[in-house]
Amino acid sequence: MDYVILDELKKLRRIATSDTVDDESLQRAVNAANQLIDGRCGRTFGLADTATGRVFRPRGRVLSDPDGERLLVDDIGHPDGLVVDVGDGAAWTPVTDYDLLPDNAHAKGEPVTGLLRPYGTWAGRKVRVTARWGWPTVPDDIRQAALLLASRLWLRRDSPEGVAGATEWGVVRVSRLDPDVESLISPYVLPGFA
């Protein structure tokens, strides 16, 4: 998924779109920024075009809720094509008595991250979820973080040893993490990926 594209980076860096001299290195920076965001967050923010199936083992993914059991799933970006089955891997039985959590997630532009079985249980079985995985729309924070990161990566060609310059007070080093990028993506980082 492209959160930032080449033309956006060129505009930020004030490079004319007709100037194609650095397009290859700019595109590499764009690609790396997009991939780094996904890796850092532990998720992707694009929306799959079609529904595909994933199998989840409930053990370690089920939370007790006052209304039943909540199965934590990967980000579900759209309800079209959503099918939930339980079984042993060879035979599957459809499940229809579940609620999507958090409530109104898609209306808020956020993904569904849990399936609640009201007064039911997910235990002892595998759960196959067929869905359009990802996010309904890419958050503006993620797009901005990708743009800043792509720009930073492209400018690093001038500081391959991590030195951005020198002043009368000494060497100026490039910091390992960009605090602005980190603050933009931190609300989207899945636990265990930060």
# chains A, B, ... in the order shown; residues from 1 in each chain; ligands from 1
>>> select_by_dssp(residues="region 7-185 of chain A", states="strand (DSSP E)", output="PyMOL selection string")
chain A and resi 52-56+62-65+68-87+92-95+99-101+112-118+126-133+163-167+170-173
>>> closest_atom_pairs(of="region 14-48 of chain A", to="region 137-159 of chain A", cutoff="10 Å", atoms="only C-alpha atoms", output="CSV")
residue,atom,partner,partner_atom,distance
A:Asp22,CA,A:Trp154,CA,9.7
A:Ser25,CA,A:Trp154,CA,7.1
A:Leu26,CA,A:Trp154,CA,6.1
A:Gln27,CA,A:Ala150,CA,8.8
A:Arg28,CA,A:Trp154,CA,8.2
A:Ala29,CA,A:Ala150,CA,5.0
A:Val30,CA,A:Ala150,CA,5.0
A:Asn31,CA,A:Ala150,CA,8.0
A:Ala32,CA,A:Ala150,CA,7.3
A:Ala33,CA,A:Ala150,CA,5.1
A:Asn34,CA,A:Ala146,CA,6.0
A:Gln35,CA,A:Ala146,CA,9.2
A:Leu36,CA,A:Ala146,CA,8.5
A:Ile37,CA,A:Ala146,CA,6.8
A:Asp38,CA,A:Ile142,CA,9.6
A:Thr44,CA,A:Val138,CA,9.1
A:Phe45,CA,A:Val138,CA,5.4
A:Gly46,CA,A:Val138,CA,6.3
A:Leu47,CA,A:Thr137,CA,7.2
>>> write_last_selection(atoms="C-alpha atoms", output="JSON list (two decimals), in the first residue's frame")
[["chain", "number", "residue", "atom", "x", "y", "z"],
["A", 22, "ASP", "CA", 16.42, 11.52, -9.07],
["A", 25, "SER", "CA", 16.23, 7.13, -5.61],
["A", 26, "LEU", "CA", 13.13, 9.12, -4.64],
["A", 27, "GLN", "CA", 10.94, 6.10, -5.45],
["A", 28, "ARG", "CA", 13.16, 3.84, -3.33],
["A", 29, "ALA", "CA", 12.71, 6.26, -0.41],
["A", 30, "VAL", "CA", 8.94, 6.25, -0.94],
["A", 31, "ASN", "CA", 8.83, 2.43, -1.05],
["A", 32, "ALA", "CA", 11.00, 2.11, 2.05],
["A", 33, "ALA", "CA", 8.90, 4.63, 4.00],
["A", 34, "ASN", "CA", 5.68, 2.81, 3.15],
["A", 35, "GLN", "CA", 7.17, -0.54, 4.21],
["A", 36, "LEU", "CA", 8.76, 0.86, 7.37],
["A", 37, "ILE", "CA", 5.40, 2.24, 8.54],
["A", 38, "ASP", "CA", 3.78, -1.20, 8.15],
["A", 44, "THR", "CA", -1.11, -2.45, 6.95],
["A", 45, "PHE", "CA", -3.40, 0.49, 6.38],
["A", 46, "GLY", "CA", -4.58, -0.34, 2.89],
["A", 47, "LEU", "CA", -7.84, -2.14, 2.18]]
>>> atom_distance(atom1="CA of Val86 (chain A)", atom2="CA of Val55 (chain A)")
9.3 Å
>>> atom_distance(atom1="CA of Ile76 (chain A)", atom2="CA of Trp135 (chain A)")
6.7 Å
>>> residues_around(residues="Leu63 (chain A)", least_positions_apart="6", cutoff="10 Å", atoms="only C-alpha atoms", output="PyMOL selection string")
chain A and resi 69-72+114+116
>>> atom_distance(atom1="CA of Val84 (chain A)", atom2="CA of Arg128 (chain A)")
5.8 Å
>>> closest_residue(among="A:Gly87, A:Pro94, A:Pro179, A:Pro79", to="Thr113 (chain A)", atoms="only C-alpha atoms")
A:Pro79
>>> closest_residue(among="A:His78, A:Val73, A:Lys11, A:Arg54", to="Ala107 (chain A)", atoms="only C-alpha atoms")
A:His78
>>> residues_around(residues="Asp99 (chain A)", least_positions_apart="4", cutoff="8 Å", atoms="only C-alpha atoms", output="compact mmCIF listing (two decimals) with C-alpha atoms, in the first residue's frame")
# COMPACT_ATOMS: atom_id res chain seq x y z
CA LEU A 115 -15.64 -10.47 17.17
CA LEU A 116 -17.90 -10.79 20.22
CA ARG A 117 -19.95 -13.95 20.80
CA PRO A 118 -22.71 -12.67 23.08
>>> closest_residue(among="A:Leu190, A:Ala16, A:Val112, A:Val21", to="Leu82 (chain A)", atoms="only C-alpha atoms")
A:Val112
